[in-house]
file run_18.tsv (TSV, C-alpha atoms)
chain	number	residue	atom	x	y	z
P	1	ASN	CA	4.07	89.76	125.29
P	2	ALA	CA	5.18	92.26	122.67
P	3	GLY	CA	8.77	92.42	123.95
P	4	VAL	CA	10.46	95.62	122.73
P	5	THR	CA	8.33	97.93	120.60
P	6	GLN	CA	9.75	100.82	118.58
P	7	THR	CA	7.91	103.62	116.83
P	8	PRO	CA	7.95	104.79	114.12
P	9	LYS	CA	9.30	102.00	111.91
P	10	PHE	CA	10.13	104.40	109.09
P	11	GLN	CA	10.74	108.15	109.02
P	12	VAL	CA	12.06	110.64	106.50
P	13	LEU	CA	13.35	113.99	107.77
P	14	LYS	CA	14.86	117.07	106.23
P	15	THR	CA	18.16	118.35	107.53
P	16	GLY	CA	17.60	120.41	110.66
P	17	GLN	CA	14.28	118.87	111.62
P	18	SER	CA	13.82	117.22	114.98
P	19	MET	CA	12.13	113.99	115.96
P	20	THR	CA	11.85	111.46	118.76
P	21	LEU	CA	12.09	107.70	118.46
P	22	GLN	CA	10.01	105.91	121.01
P	23	CYS	CA	10.81	102.58	122.66
P	24	ALA	CA	8.83	100.57	125.18
P	25	GLN	CA	9.42	97.15	126.73
P	26	ASP	CA	6.98	94.98	128.63
P	27	MET	CA	9.46	92.56	130.23
P	28	ASN	CA	10.04	94.59	133.40
P	29	HIS	CA	13.70	95.01	132.44
P	30	ASN	CA	15.87	97.46	134.30
P	31	SER	CA	18.31	98.40	131.51
P	32	MET	CA	17.59	99.87	128.09
P	33	TYR	CA	19.79	100.81	125.15
P	34	TRP	CA	19.78	102.66	121.84
P	35	TYR	CA	22.01	101.46	118.98
P	36	ARG	CA	22.46	102.58	115.41
P	37	GLN	CA	23.42	100.34	112.51
P	38	ASP	CA	24.79	101.68	109.24
P	39	PRO	CA	24.89	99.60	106.04
P	40	GLY	CA	27.35	96.73	106.29
P	41	MET	CA	28.33	97.72	109.79
P	42	GLY	CA	27.81	96.36	113.24
P	43	LEU	CA	25.76	98.09	115.88
P	44	ARG	CA	27.14	101.08	117.74
P	45	LEU	CA	25.84	102.09	121.14
P	46	ILE	CA	24.43	105.62	121.31
P	47	TYR	CA	23.09	105.85	124.86
P	48	TYR	CA	22.02	103.44	127.54
P	49	SER	CA	20.08	103.51	130.76
P	50	ALA	CA	21.27	101.05	133.37
P	51	SER	CA	18.18	101.66	135.50
P	52	GLU	CA	15.21	103.98	135.75
P	53	GLY	CA	16.39	107.52	136.36
P	54	THR	CA	19.90	107.07	134.93
P	55	THR	CA	21.33	107.53	131.46
P	56	ASP	CA	24.88	107.32	130.13
P	57	LYS	CA	26.64	108.00	126.86
P	58	GLY	CA	27.75	105.18	124.64
P	59	GLU	CA	30.17	105.12	121.76
P	60	VAL	CA	28.45	107.67	119.48
P	61	PRO	CA	26.25	110.05	121.54
P	62	ASN	CA	26.84	113.31	119.64
P	63	GLY	CA	23.69	114.74	118.09
P	64	TYR	CA	21.34	112.70	120.28
P	65	ASN	CA	19.54	113.03	123.59
P	66	VAL	CA	17.65	110.41	125.56
P	67	SER	CA	14.98	110.26	128.22
P	68	ARG	CA	14.18	107.31	130.46
P	69	LEU	CA	10.58	108.29	130.98
P	70	ASN	CA	9.82	105.38	133.33
P	71	LYS	CA	10.90	101.77	133.66
P	72	ARG	CA	9.14	100.79	130.45
P	73	GLU	CA	10.04	103.63	128.11
P	74	PHE	CA	13.31	105.00	126.72
P	75	SER	CA	13.17	107.63	123.98
P	76	LEU	CA	15.86	108.90	121.62
P	77	ARG	CA	15.69	112.46	120.32
P	78	LEU	CA	17.41	114.07	117.37
P	79	GLU	CA	17.29	117.82	117.94
P	80	SER	CA	18.63	118.88	114.53
P	81	ALA	CA	18.87	115.96	112.15
P	82	ALA	CA	21.85	115.63	109.81
P	83	PRO	CA	22.34	113.32	106.80
P	84	SER	CA	25.02	111.47	108.80
P	85	GLN	CA	22.26	110.31	111.12
P	86	THR	CA	20.61	108.32	108.35
P	87	SER	CA	20.64	104.84	109.81
P	88	VAL	CA	18.60	102.03	111.32
P	89	TYR	CA	18.05	102.54	115.03
P	90	PHE	CA	17.54	99.66	117.41
P	91	CYS	CA	16.27	99.81	120.94
P	92	ALA	CA	17.12	96.97	123.31
P	93	SER	CA	16.52	96.02	126.91
P	94	SER	CA	18.04	93.65	129.43
P	95	GLU	CA	17.17	92.49	132.90
P	96	ALA	CA	20.22	94.23	134.34
P	97	GLU	CA	23.24	96.12	133.13
P	98	ASN	CA	25.64	93.27	133.79
P	99	THR	CA	23.94	90.65	131.68
P	100	GLY	CA	24.83	90.00	128.07
P	101	GLU	CA	21.36	88.95	126.98
P	102	LEU	CA	19.76	91.89	125.23
P	103	PHE	CA	16.32	91.83	123.66
P	104	PHE	CA	16.02	93.99	120.56
P	105	GLY	CA	13.15	95.74	118.84
P	106	GLU	CA	12.52	95.49	115.11
P	107	GLY	CA	14.32	98.73	114.34
P	108	SER	CA	13.42	102.20	113.06
P	109	ARG	CA	14.73	103.20	109.64
P	110	LEU	CA	15.52	106.91	109.53
P	111	THR	CA	16.48	108.84	106.40
P	112	VAL	CA	17.68	112.43	106.64
P	113	LEU	CA	17.67	114.33	103.36
L	114	LEU	CA	36.94	97.54	125.83
L	115	ALA	CA	37.92	94.17	124.44
L	116	LYS	CA	38.12	94.19	120.65
L	117	THR	CA	36.92	91.19	118.68
L	118	THR	CA	37.99	89.86	115.30
L	119	GLN	CA	35.81	87.53	113.23
L	120	PRO	CA	35.87	86.38	109.61
L	121	ILE	CA	33.83	88.69	107.42
L	122	SER	CA	31.97	85.88	105.69
L	123	MET	CA	31.61	82.09	105.51
L	124	ASP	CA	29.79	79.70	103.22
L	125	SER	CA	28.46	76.29	104.18
L	126	TYR	CA	26.27	73.58	102.68
L	127	GLU	CA	23.06	72.54	104.31
L	128	GLY	CA	23.48	69.80	106.90
L	129	GLN	CA	27.08	70.64	107.72
L	130	GLU	CA	28.43	71.79	111.05
L	131	VAL	CA	29.64	75.39	111.01
L	132	ASN	CA	32.28	76.76	113.33
L	133	ILE	CA	32.81	80.51	113.58
L	134	THR	CA	35.84	81.62	115.55
L	135	CYS	CA	36.24	84.97	117.25
L	136	SER	CA	39.49	86.28	118.67
L	137	HIS	CA	39.54	88.60	121.66
L	138	ASN	CA	43.13	88.90	122.79
L	139	ASN	CA	42.58	91.53	125.49
L	140	ILE	CA	39.56	90.01	127.17
L	141	ALA	CA	39.29	91.06	130.80
L	142	THR	CA	38.95	88.72	133.75
L	143	ASN	CA	35.29	89.57	134.34
L	144	ASP	CA	34.23	89.60	130.69
L	145	TYR	CA	31.73	87.13	129.31
L	146	ILE	CA	31.54	86.08	125.66
L	147	THR	CA	28.19	86.30	123.93
L	148	TRP	CA	27.00	85.52	120.41
L	149	TYR	CA	24.09	87.08	118.58
L	150	GLN	CA	22.35	86.28	115.29
L	151	GLN	CA	20.84	88.92	113.02
L	152	PHE	CA	18.56	88.42	110.03
L	153	PRO	CA	18.05	91.22	107.48
L	154	SER	CA	15.71	93.97	108.68
L	155	GLN	CA	15.55	92.51	112.19
L	156	GLY	CA	17.22	93.24	115.49
L	157	PRO	CA	19.92	90.87	116.75
L	158	ARG	CA	18.84	87.84	118.71
L	159	PHE	CA	20.78	86.29	121.60
L	160	ILE	CA	22.18	82.82	120.83
L	161	ILE	CA	24.52	81.78	123.62
L	162	GLN	CA	26.80	83.12	126.34
L	163	GLY	CA	29.77	81.65	128.18
L	164	TYR	CA	32.70	82.43	130.42
L	165	LYS	CA	34.99	79.41	130.03
L	166	THR	CA	35.15	75.81	128.71
L	167	LYS	CA	32.01	74.71	126.87
L	168	VAL	CA	28.41	75.82	126.89
L	169	THR	CA	25.63	74.13	124.95
L	170	ASN	CA	22.01	74.99	124.43
L	171	GLU	CA	19.30	73.85	122.03
L	172	VAL	CA	20.67	75.80	119.07
L	173	ALA	CA	24.45	76.06	119.44
L	174	SER	CA	27.60	75.27	121.37
L	175	LEU	CA	30.25	77.69	122.51
L	176	PHE	CA	33.83	76.54	123.00
L	177	ILE	CA	36.21	78.71	125.02
L	178	PRO	CA	39.85	77.64	125.55
L	179	ALA	CA	41.61	78.07	128.87
L	180	ASP	CA	43.32	81.33	127.90
L	181	ARG	CA	39.93	82.79	126.78
L	182	LYS	CA	41.60	84.72	123.97
L	183	SER	CA	39.28	83.20	121.43
L	184	SER	CA	35.94	81.46	121.25
L	185	THR	CA	34.17	79.29	118.69
L	186	LEU	CA	30.47	79.23	117.97
L	187	SER	CA	29.39	75.85	116.64
L	188	LEU	CA	26.13	75.45	114.73
L	189	PRO	CA	25.24	71.79	114.15
L	190	ARG	CA	23.67	70.73	110.85
L	191	VAL	CA	22.88	74.19	109.47
L	192	SER	CA	19.85	74.83	107.32
L	193	LEU	CA	18.99	77.63	104.89
L	194	SER	CA	17.27	79.48	107.72
L	195	ASP	CA	20.61	79.84	109.50
L	196	THR	CA	21.78	82.29	106.84
L	197	ALA	CA	22.41	85.43	108.88
L	198	VAL	CA	25.09	87.64	110.38
L	199	TYR	CA	26.64	86.35	113.59
L	200	TYR	CA	28.19	88.71	116.12
L	201	CYS	CA	30.70	87.91	118.83
L	202	LEU	CA	30.64	90.27	121.82
L	203	VAL	CA	32.92	90.56	124.76
L	204	GLY	CA	32.66	92.70	127.84
L	205	TYR	CA	30.01	93.11	130.49
L	206	THR	CA	32.12	94.64	133.17
L	207	TYR	CA	30.29	97.52	134.77
L	208	SER	CA	32.40	100.30	136.18
L	209	GLY	CA	31.33	102.67	138.91
L	210	ALA	CA	31.78	105.57	136.52
L	211	GLY	CA	28.97	104.22	134.37
L	212	SER	CA	31.09	103.20	131.44
L	213	TYR	CA	29.30	99.95	130.78
L	214	GLN	CA	29.23	99.27	127.07
L	215	LEU	CA	28.34	96.35	124.90
L	216	THR	CA	30.11	96.63	121.57
L	217	PHE	CA	29.15	94.84	118.38
L	218	GLY	CA	31.74	94.34	115.66
L	219	LYS	CA	30.90	93.86	111.98
L	220	GLY	CA	30.05	90.21	112.46
L	221	THR	CA	30.35	87.17	110.21
L	222	LYS	CA	27.94	86.80	107.34
L	223	LEU	CA	27.07	83.10	107.07
L	224	SER	CA	25.56	81.92	103.81
L	225	VAL	CA	24.07	78.42	103.78
L	226	ILE	CA	23.97	76.83	100.33
L	227	PRO	CA	21.40	74.20	99.34

call {"tool": "encode", "arguments": {"input": "run_18.tsv", "output": "structure tokens"}}
result
Amino acid sequence: NAGVTQTPKFQVLKTGQSMTLQCAQDMNHNSMYWYRQDPGMGLRLIYYSASEGTTDKGEVPNGYNVSRLNKREFSLRLESAAPSQTSVYFCASSEAENTGELFFGEGSRLTVL
Amino acid sequence: LAKTTQPISMDSYEGQEVNITCSHNNIATNDYITWYQQFPSQGPRFIIQGYKTKVTNEVASLFIPADRKSSTLSLPRVSLSDTAVYYCLVGYTYSGAGSYQLTFGKGTKLSVIP
């Protein structure tokens, strides 16, 4: 099993460009999450999807949109990238929304110039 | 959301037991306490979770006092490969309004010295 797979692993954007980070899990989990991690900081929740067909804002949702395409896939879109969105983005999944055991992907490093 | 406080960093020699304490004064009745480990350039990895008293698994123990306002992660006989950042998380209560959140603090950077 691959677990949680994120693409791309690295991306450089210019200010104002758009892009989508893709995430897929093969563990048949119901809940999926997007976090960002800035240097020397903990992870901050951007958006989450408790189950297929639902999405909710986390701590720092501004500037992002998400789509829960199906049970396996949860994408994060930056419509107009800004330098403040330079970060490492982690996708995670869990069996249900009320469990503390999250499984994380390897991360996607995004630089916005 | 319950806020957690952990030491920013700790050093330990190989073979020693390491205890990392996390305080969470406003933990809610339904909240669980979970610890994660993160290596550089990797996503966090689940270590252990508990609600009260003591929980032990193959890699760590978690001690939670009766008032649940703090918790201690215990790593027995650490090795160099245990050098990582350790995060304490509190809060898995799901509200009907969809405000479920799992918040990571800055964590504790553990450095294991040969």

call {"tool": "closest_residue", "arguments": {"input": "run_18.tsv", "among": "L:Phe152, L:Leu202, L:Glu171, L:Thr185", "to": "P:Gly107", "atoms": "all atoms listed in the file"}}
result
L:Phe152

call {"tool": "residues_around", "arguments": {"input": "run_18.tsv", "residues": "stretch 189-191 of chain L", "least_positions_apart": "4", "cutoff": "10 Å", "atoms": "all atoms listed in the file", "output": "list in words"}}
result
Ser125, Tyr126, Glu127, Gly128, Gln129, Glu130, Val131, Asn132, Val172, Ala173, Ser174, Asp195, Thr196, Ser224, Val225 and Ile226 of chain L

call {"tool": "residues_around", "arguments": {"input": "run_18.tsv", "residues": "P:Ala96", "least_positions_apart": "5", "cutoff": "8 Å", "atoms": "all atoms listed in the file", "output": "list in words"}}
result
His29, Asn30, Ser31, Ala50 and Ser51 of chain P

call {"tool": "atom_distance", "arguments": {"input": "run_18.tsv", "atom1": "atom CA of L:Gly163", "atom2": "atom CA of P:Thr5"}}
result
28.0 Å

call {"tool": "atom_distance", "arguments": {"input": "run_18.tsv", "atom1": "atom CA of L:Met123", "atom2": "atom CA of L:Val203"}}
result
21.1 Å

call {"tool": "interface_residues", "arguments": {"input": "run_18.tsv", "of": "chain L", "to": "chain P", "cutoff": "6 Å", "atoms": "all atoms listed in the file", "output": "list in words"}}
result
Gln155, Gly156, Tyr205, Phe217, Gly218 and Lys219 of chain L

call {"tool": "closest_residue", "arguments": {"input": "run_18.tsv", "among": "L:Ser154, L:Thr216, L:Asn138, L:Trp148", "to": "L:Val168", "atoms": "only C-alpha atoms"}}
result
L:Trp148

call {"tool": "residues_near_point", "arguments": {"input": "run_18.tsv", "point": "(26.5, 84.8, 115.1)", "cutoff": "6 Å", "atoms": "all atoms listed in the file", "output": "list in words"}}
result
Trp148, Tyr149, Gln150, Val198, Tyr199 and Tyr200 of chain L

call {"tool": "residues_near_point", "arguments": {"input": "run_18.tsv", "point": "(23.7, 106.0, 104.5)", "cutoff": "10 Å", "atoms": "all atoms listed in the file", "output": "PyMOL selection string"}}
result
chain P and resi 37-39+83-88+110-112

call {"tool": "atom_distance", "arguments": {"input": "run_18.tsv", "atom1": "atom CA of L:Ile177", "atom2": "atom CA of L:Ile133"}}
result
12.1 Å

call {"tool": "residues_around", "arguments": {"input": "run_18.tsv", "residues": "L:Asn139", "least_positions_apart": "3", "cutoff": "12 Å", "atoms": "only C-alpha atoms", "output": "PyMOL selection string"}}
result
chain L and resi 114-118+136+142-144+180-183+203-204

call {"tool": "axis_aligned_box", "arguments": {"input": "run_18.tsv", "around": "stretch 67-85 of chain P", "padding_each_side": "8 Å", "output": "JSON"}}
result
{"center_x": 17.1, "center_y": 109.8, "center_z": 120.2, "size_x": 31.9, "size_y": 34.1, "size_z": 42.9}

call {"tool": "residues_around", "arguments": {"input": "run_18.tsv", "residues": "P:Leu76", "least_positions_apart": "2", "cutoff": "6 Å", "atoms": "only C-alpha atoms", "output": "ChimeraX atom specification"}}
result
/P:20-21,65-66
